[in-house]
Amino acid sequence: MSGTPPTHHTDWDAYEARHSGGPHGSRHAPDPYAPLPLSSALVPEYGSGSLADLLPSLAAGLGVPGFAPVIGELTPADRACVFLVDGLGWEQLRAHPDEAPFLHSLLGTSRGGTGRPLTSGFPSTTAASLASVGTGTVPGQHGLLGYAVRNPATGALMNQLRWQPWTDPTAWQPHPTVFRAADAAGVHTAQVSAPHFRETPLTKVALSGGTFHGRFTGEERMDRAAEELAAGDRSLVYTYYSELDGAGHKYGTGSDTWRGQLMQVDRLVQRLAGQLPPRTALYVTADHGMVDVPEDPESRVDYDEDWELGAGVALLGGEGRARHVYAHPGAAADVLAVWREVLGDRFWVASREEALAEGWFGPPELCEERVHARIGDVVAAPQGLSAIVASETEPRETALVGMHGSLTAAEQYVPLIEIRT
C-alpha cells in the first residue's frame, strides 16, 4: 500500500478506502531527500488493538481476575484458542486468495467482525511479539525489544530469540504470563507446539503456564489443540506454526515454497475449525508480516562497508529492518546526526528518547526504566523495501530474502480471524 498508514484504528476505514492492495505500505515524501517525520510511522495500537491486548481480552472473557477486555470488539467464549502462524501478515494473506481460500473467506471476521487487523508491536519480530502475546504487556514493559539488544549489565549483545549468551530468563523478563494467571484461576490451559520449544527460555518467559504438549507435525498440533479445548468447561489453548516464516525468510513471500506453506496453513486452520468443541472461539493471528528486500546495494545498506554509519558506533543490534545502534560514550548525538543524514529520507531514524516519546515500544508511561538502556541510542526502521545488513558480522541474517521488524503496514498488520462454535 502507498500512503501513510493510520496510527489509530479509527483511521482504518478511510485508509482502506484510499488504499486497496499494494505490496508494502510505504510512503513517498513529496521531497525524496527530506527526512521522514517520525510522526509518519505506523505506531502500534497499544491498549486497544495490538497483540499485547489479545490474551488479556480473552482472559477477561474467561473470568480470570485482573484482566479487562481491552479489544472491545471481541465477544467472550467459554473456550478460546489462539493459533499463531509465524509470519502470516495481513497484507500477505489478503494478496493470496488462491493459496488460502478458507482463510480469505474469513477476512471479514477479523477483530470481532470488523474486518480489521491487529498491530504487531515494535519491533515487529518474533521475540518481541511472542512476549507481548504471552505476558499481555508491551515491549517497553517486558523488555524483549527485538532480535538482539545490548545487555546493560555486560555491555554485550544478547540474542533474545536464541537466548545467547545465557541470561537469567526471569531477571530479564519478570512479568508473569497470562497463561499462568488463567491456570491459577481454574481455566484449563495448554500450549501445543513443536517439542523443541518446550524448554526454551523464550517459552519460559513468554508462553509458560498450564501444560505444554509437544507435537511434531502441524496436523498433530491441530488435533491436540482441539482435544485440549474440549478438556475443560473453560479452556485457553495456544498453538503455533513456524514454517511459513522460515519459507519467507529463505525464499521470499513471492516464492513457490512460501505459497505452498500458506496453502498448508489454510488446510491446518480448516482442520482445527472442523474439530472445535461447542462454545469455542478460535483466533488465527500472527506475530508479524514480512517484506522481500531486493538484492541491490541501494536496498541493502551494508553497515560493514559503510564507514560513515560505523563512526562512533560501539554495537549494532536489532535486525535489518529494526536496528538498535549503540554509540560510544559521548557520541550518541553525532551518530544520530549521521544516520539521519545518510538514511533519513527512507528510514525513520530516532533517538532513544524520541522513539520512547513516539510510543514505538508502548505508551511512554508504561515503558520501564530497567529496559531503557536496552534500546539503541539510535533506532532506525525503513519505510520502504530496504534493510541495514551487516555482511561480515551477520552473514546468515544478510542472506535472508524476506525480512521484518519495521513500522510499515506490511509488517505491523496481522489478522485476528475468528471462528466460533
# chains A, B, ... in the order shown; residues from 1 in each chain; ligands from 1
$ select_by_dssp --residues "segment 268-383 of chain A" --states "alpha helix (DSSP H)" --output "PyMOL selection string"
chain A and resi 268-273+307-310+332-343+352-357+369-372
$ residues_around --residues "segment 90-98 of chain A" --least-positions-apart "3" --cutoff "6 Å" --atoms "only C-alpha atoms" --output "list of chain:residue names"
A:Pro101, A:His104, A:Ala410, A:Tyr413, A:Val414, A:Pro415
$ closest_atom_pairs --of "segment 251-338 of chain A" --to "segment 125-147 of chain A" --cutoff "12 Å" --atoms "only C-alpha atoms" --output "Markdown table"
| residue | atom | partner | partner_atom | distance |
| --- | --- | --- | --- | --- |
| A:Thr285 | CA | A:Val133 | CA | 10.5 |
| A:Ala286 | CA | A:Ser129 | CA | 8.8 |
| A:Asp287 | CA | A:Ser129 | CA | 5.3 |
| A:His288 | CA | A:Thr125 | CA | 6.1 |
| A:Gly289 | CA | A:Thr125 | CA | 8.7 |
| A:Met290 | CA | A:Thr125 | CA | 9.5 |
| A:Leu316 | CA | A:Tyr147 | CA | 11.4 |
| A:Gly317 | CA | A:Tyr147 | CA | 7.8 |
| A:Gly318 | CA | A:Tyr147 | CA | 5.2 |
| A:Glu319 | CA | A:Tyr147 | CA | 6.1 |
| A:Gly320 | CA | A:Tyr147 | CA | 9.7 |
| A:Arg321 | CA | A:Thr125 | CA | 9.6 |
| A:Ala322 | CA | A:Gly146 | CA | 7.6 |
| A:Arg323 | CA | A:Gly146 | CA | 8.6 |
| A:His324 | CA | A:Gly146 | CA | 8.6 |
$ write_last_selection --atoms "all heavy atoms" --output "CSV table (one decimal), in the first residue's frame"
chain,number,residue,atom,x,y,z
A,285,THR,N,-4.0,-15.7,14.2
A,285,THR,CA,-3.2,-14.5,14.2
A,285,THR,C,-1.8,-14.7,13.8
A,285,THR,O,-1.4,-15.8,13.4
A,285,THR,CB,-3.4,-13.7,15.5
A,285,THR,OG1,-2.9,-12.4,15.4
A,285,THR,CG2,-2.7,-14.4,16.7
A,286,ALA,N,-0.9,-13.7,14.0
A,286,ALA,CA,0.5,-13.8,13.6
A,286,ALA,C,1.3,-12.9,14.5
A,286,ALA,O,0.7,-12.0,15.1
A,286,ALA,CB,0.7,-13.5,12.1
A,287,ASP,N,2.6,-13.1,14.5
A,287,ASP,CA,3.5,-12.2,15.2
A,287,ASP,C,4.0,-11.0,14.4
A,287,ASP,O,4.4,-10.0,15.0
A,287,ASP,CB,4.7,-13.0,15.8
A,287,ASP,CG,5.4,-13.9,14.7
A,287,ASP,OD1,4.8,-14.0,13.6
A,287,ASP,OD2,6.5,-14.4,15.0
A,288,HIS,N,3.9,-11.1,13.1
A,288,HIS,CA,4.3,-10.0,12.3
A,288,HIS,C,4.1,-10.4,10.8
A,288,HIS,O,3.7,-11.6,10.5
A,288,HIS,CB,5.9,-9.8,12.4
A,288,HIS,CG,6.7,-11.0,12.2
A,288,HIS,ND1,6.9,-11.6,11.0
A,288,HIS,CD2,7.3,-11.8,13.1
A,288,HIS,CE1,7.7,-12.6,11.1
A,288,HIS,NE2,7.9,-12.8,12.4
A,289,GLY,N,4.2,-9.4,9.9
A,289,GLY,CA,4.2,-9.7,8.5
A,289,GLY,C,5.6,-9.8,8.0
A,289,GLY,O,6.5,-10.0,8.7
A,290,MET,N,5.8,-9.6,6.7
A,290,MET,CA,7.1,-9.7,6.1
A,290,MET,C,7.2,-9.0,4.7
A,290,MET,O,6.1,-8.8,4.1
A,290,MET,CB,7.4,-11.2,5.9
A,290,MET,CG,8.8,-11.5,5.4
A,290,MET,SD,9.2,-13.3,5.3
A,290,MET,CE,9.3,-13.7,7.1
A,316,LEU,N,26.1,-2.7,16.9
A,316,LEU,CA,24.9,-2.7,16.0
A,316,LEU,C,24.0,-3.9,16.4
A,316,LEU,O,24.4,-5.0,16.3
A,316,LEU,CB,25.3,-2.9,14.6
A,316,LEU,CG,24.2,-2.8,13.6
A,316,LEU,CD1,23.6,-1.4,13.5
A,316,LEU,CD2,24.7,-3.3,12.2
A,317,GLY,N,22.8,-3.5,16.9
A,317,GLY,CA,21.9,-4.6,17.4
A,317,GLY,C,20.7,-4.6,16.5
A,317,GLY,O,20.6,-4.0,15.4
A,318,GLY,N,19.6,-5.2,17.0
A,318,GLY,CA,18.4,-5.4,16.3
A,318,GLY,C,18.5,-6.3,15.1
A,318,GLY,O,19.2,-7.3,15.2
A,319,GLU,N,17.9,-6.0,14.0
A,319,GLU,CA,18.0,-6.8,12.8
A,319,GLU,C,17.8,-5.8,11.6
A,319,GLU,O,17.6,-4.6,11.8
A,319,GLU,CB,16.9,-7.9,12.8
A,319,GLU,CG,15.5,-7.3,12.9
A,319,GLU,CD,14.5,-8.5,13.3
A,319,GLU,OE1,14.2,-9.3,12.4
A,319,GLU,OE2,14.0,-8.5,14.4
A,320,GLY,N,17.8,-6.3,10.4
A,320,GLY,CA,17.9,-5.5,9.2
A,320,GLY,C,16.9,-4.4,9.1
A,320,GLY,O,17.2,-3.3,8.6
A,321,ARG,N,15.6,-4.7,9.5
A,321,ARG,CA,14.6,-3.7,9.4
A,321,ARG,C,14.1,-3.1,10.7
A,321,ARG,O,13.1,-2.4,10.8
A,321,ARG,CB,13.4,-4.3,8.7
A,321,ARG,CG,13.7,-4.6,7.2
A,321,ARG,CD,12.5,-5.1,6.5
A,321,ARG,NE,11.3,-4.3,6.5
A,321,ARG,CZ,11.1,-3.2,5.6
A,321,ARG,NH1,12.1,-2.9,4.7
A,321,ARG,NH2,10.0,-2.5,5.7
A,322,ALA,N,15.0,-3.3,11.8
A,322,ALA,CA,14.7,-2.6,13.1
A,322,ALA,C,16.0,-2.6,13.8
A,322,ALA,O,16.3,-3.5,14.6
A,322,ALA,CB,13.6,-3.4,13.8
A,323,ARG,N,16.8,-1.6,13.6
A,323,ARG,CA,18.1,-1.5,14.1
A,323,ARG,C,18.2,-0.7,15.5
A,323,ARG,O,17.7,0.4,15.6
A,323,ARG,CB,19.1,-0.9,13.1
A,323,ARG,CG,19.5,-1.8,12.0
A,323,ARG,CD,20.3,-3.0,12.5
A,323,ARG,NE,20.7,-3.9,11.4
A,323,ARG,CZ,21.4,-5.0,11.6
A,323,ARG,NH1,21.6,-5.5,12.8
A,323,ARG,NH2,21.8,-5.8,10.6
A,324,HIS,N,18.9,-1.3,16.4
A,324,HIS,CA,19.3,-0.6,17.6
A,324,HIS,C,20.8,-0.3,17.4
A,324,HIS,O,21.6,-1.2,17.2
A,324,HIS,CB,19.2,-1.5,18.9
A,324,HIS,CG,17.7,-1.8,19.3
A,324,HIS,ND1,17.0,-0.8,19.9
A,324,HIS,CD2,17.0,-2.9,19.1
A,324,HIS,CE1,15.8,-1.3,20.2
A,324,HIS,NE2,15.7,-2.6,19.7
$ residues_around --residues "Ala60 of chain A" --least-positions-apart "4" --cutoff "12 Å" --atoms "only C-alpha atoms" --output "list in words"
Asp53, Leu54, Leu55, Pro56, Val64, Pro65, Gly66, Phe67, Ala68, Pro69, Val70, Ile71, Gly72, Leu74, Thr75, Pro76, Ala77, Asp78, Ala80, Gly136, Val178, Ala181, Ala182, Ala185, Val187, Arg234 and Leu236 of chain A
$ write_last_selection --atoms "N, CA, C and O atoms" --output "short mmCIF file (atom, residue, chain, number, x, y, z; two decimals), in the first residue's frame"
data_model
loop_
_atom_site.label_atom_id
_atom_site.label_comp_id
_atom_site.auth_asym_id
_atom_site.auth_seq_id
_atom_site.Cartn_x
_atom_site.Cartn_y
_atom_site.Cartn_z
N ASP A 53 -2.72 -6.95 23.60
CA ASP A 53 -4.07 -6.83 24.14
C ASP A 53 -4.91 -8.09 23.96
O ASP A 53 -6.02 -8.18 24.51
N LEU A 54 -4.40 -9.07 23.20
CA LEU A 54 -5.24 -10.21 22.84
C LEU A 54 -5.52 -11.12 24.03
O LEU A 54 -6.69 -11.35 24.38
N LEU A 55 -4.50 -11.69 24.65
CA LEU A 55 -4.75 -12.63 25.73
C LEU A 55 -5.42 -11.98 26.94
O LEU A 55 -6.29 -12.61 27.57
N PRO A 56 -5.06 -10.75 27.33
CA PRO A 56 -5.84 -10.13 28.40
C PRO A 56 -7.34 -10.05 28.09
O PRO A 56 -8.18 -10.26 28.98
N VAL A 64 -11.04 -14.57 34.26
CA VAL A 64 -9.79 -14.56 35.02
C VAL A 64 -9.64 -13.20 35.70
O VAL A 64 -9.68 -12.17 35.02
N PRO A 65 -9.47 -13.16 37.02
CA PRO A 65 -9.38 -11.88 37.71
C PRO A 65 -8.18 -11.06 37.25
O PRO A 65 -7.13 -11.60 36.90
N GLY A 66 -8.36 -9.74 37.24
CA GLY A 66 -7.26 -8.84 36.95
C GLY A 66 -7.11 -8.44 35.50
O GLY A 66 -6.17 -7.71 35.17
N PHE A 67 -7.99 -8.91 34.63
CA PHE A 67 -7.87 -8.60 33.22
C PHE A 67 -9.13 -7.89 32.72
O PHE A 67 -10.22 -8.11 33.22
N ALA A 68 -8.93 -7.04 31.71
CA ALA A 68 -10.03 -6.27 31.12
C ALA A 68 -10.12 -6.57 29.63
O ALA A 68 -9.10 -6.85 28.99
N PRO A 69 -11.31 -6.48 29.04
CA PRO A 69 -11.50 -6.75 27.60
C PRO A 69 -11.08 -5.54 26.77
O PRO A 69 -11.90 -4.83 26.22
N VAL A 70 -9.76 -5.34 26.65
CA VAL A 70 -9.27 -4.11 26.02
C VAL A 70 -9.50 -4.08 24.51
O VAL A 70 -9.55 -3.01 23.91
N ILE A 71 -9.57 -5.25 23.86
CA ILE A 71 -10.01 -5.28 22.46
C ILE A 71 -11.53 -5.37 22.51
O ILE A 71 -12.12 -6.46 22.61
N GLY A 72 -12.17 -4.24 22.44
CA GLY A 72 -13.61 -4.16 22.71
C GLY A 72 -14.48 -4.88 21.72
O GLY A 72 -15.65 -5.16 22.00
N LEU A 74 -14.22 -7.94 20.70
CA LEU A 74 -14.28 -9.38 20.91
C LEU A 74 -15.40 -9.75 21.87
O LEU A 74 -15.65 -9.06 22.86
N THR A 75 -16.06 -10.88 21.57
CA THR A 75 -17.14 -11.40 22.41
C THR A 75 -16.62 -12.59 23.21
O THR A 75 -15.95 -13.46 22.65
N PRO A 76 -16.89 -12.66 24.51
CA PRO A 76 -16.37 -13.76 25.32
C PRO A 76 -16.85 -15.13 24.84
O PRO A 76 -17.91 -15.27 24.22
N ALA A 77 -16.03 -16.13 25.13
CA ALA A 77 -16.38 -17.52 24.85
C ALA A 77 -15.86 -18.37 26.01
O ALA A 77 -14.90 -18.00 26.68
N ASP A 78 -16.51 -19.53 26.25
CA ASP A 78 -16.08 -20.41 27.33
C ASP A 78 -14.76 -21.08 27.03
O ASP A 78 -14.01 -21.45 27.94
N ALA A 80 -11.31 -20.67 24.44
CA ALA A 80 -10.62 -19.79 23.50
C ALA A 80 -9.33 -20.44 23.05
O ALA A 80 -8.58 -20.99 23.86
N GLY A 136 0.90 -10.21 27.86
CA GLY A 136 -0.08 -9.13 27.79
C GLY A 136 0.50 -7.78 28.10
O GLY A 136 -0.23 -6.86 28.49
N VAL A 178 0.00 -14.52 31.02
CA VAL A 178 -1.45 -14.63 31.14
C VAL A 178 -1.84 -16.10 31.33
O VAL A 178 -2.81 -16.41 32.03
N ALA A 181 -1.78 -16.97 34.98
CA ALA A 181 -2.94 -16.42 35.68
C ALA A 181 -4.20 -17.21 35.38
O ALA A 181 -5.03 -17.48 36.27
N ALA A 182 -4.37 -17.61 34.12
CA ALA A 182 -5.55 -18.40 33.74
C ALA A 182 -5.53 -19.75 34.43
O ALA A 182 -6.57 -20.22 34.94
N ALA A 185 -6.51 -19.52 37.94
CA ALA A 185 -7.93 -19.22 38.11
C ALA A 185 -8.83 -20.41 37.78
O ALA A 185 -10.05 -20.26 37.75
N VAL A 187 -8.82 -22.18 34.87
CA VAL A 187 -9.05 -22.37 33.45
C VAL A 187 -8.11 -23.47 32.94
O VAL A 187 -6.92 -23.46 33.26
N ARG A 234 -13.95 -24.37 30.87
CA ARG A 234 -13.29 -23.13 30.46
C ARG A 234 -11.87 -23.50 30.04
O ARG A 234 -11.13 -24.09 30.83
N LEU A 236 -8.22 -22.33 27.72
CA LEU A 236 -7.40 -21.38 26.97
C LEU A 236 -6.24 -22.16 26.37
O LEU A 236 -5.40 -22.71 27.10
#
$ closest_residue --among "A:Glu73, A:Asp377, A:Glu227, A:Glu411" --to "Gln275 of chain A" --atoms "only C-alpha atoms"
A:Glu227
$ closest_residue --among "A:Leu244, A:Cys367, A:Ala387, A:Ala331" --to "Asp266 of chain A" --atoms "only C-alpha atoms"
A:Leu244
$ closest_residue --among "A:Ala194, A:Val301, A:Met403, A:Leu385" --to "Gly246 of chain A" --atoms "only C-alpha atoms"
A:Met403
$ closest_residue --among "A:Val379, A:Gly232, A:Pro169, A:Cys81" --to "Ala350 of chain A" --atoms "only C-alpha atoms"
A:Val379
$ residues_around --residues "Ala230 of chain A" --least-positions-apart "5" --cutoff "12 Å" --atoms "only C-alpha atoms" --output "MDAnalysis selection string"
chainID A and resid 78:81 187:190 223:225 235:237 275:280
$ atom_distance --atom1 "atom CA of Thr408 of chain A" --atom2 "atom CA of Gly115 of chain A"
19.0 Å
$ select_by_dssp --residues "segment 117-328 of chain A" --states "strand (DSSP E)" --output "ChimeraX atom specification"
/A:118-119,148-150,157-159,188-193,211-214,235-241,280-285,291-292,300-302,313-319,322-327
$ closest_residue --among "A:Gly113, A:Gly89, A:Pro395, A:Gly376" --to "Ala355 of chain A" --atoms "only C-alpha atoms"
A:Gly376
$ closest_atom_pairs --of "segment 148-176 of chain A" --to "segment 205-220 of chain A" --cutoff "12 Å" --atoms "only C-alpha atoms" --output "CSV"
residue,atom,partner,partner_atom,distance
A:Gln160,CA,A:Val205,CA,10.9
A:Leu161,CA,A:Ala206,CA,11.4
A:Trp163,CA,A:Val205,CA,11.2
A:Thr167,CA,A:Val205,CA,11.8
A:Asp168,CA,A:Val205,CA,10.1
A:Pro169,CA,A:Val205,CA,6.3
A:Thr170,CA,A:Val205,CA,6.6
A:Ala171,CA,A:Val205,CA,9.7
A:Trp172,CA,A:Val205,CA,8.6
A:Gln173,CA,A:Val205,CA,6.2
A:Pro174,CA,A:Val205,CA,7.6
A:His175,CA,A:Val205,CA,7.9
A:Pro176,CA,A:Val205,CA,7.7
$ closest_residue --among "A:Arg111, A:His372, A:Leu262, A:Glu228" --to "Ser57 of chain A" --atoms "only C-alpha atoms"
A:Arg111
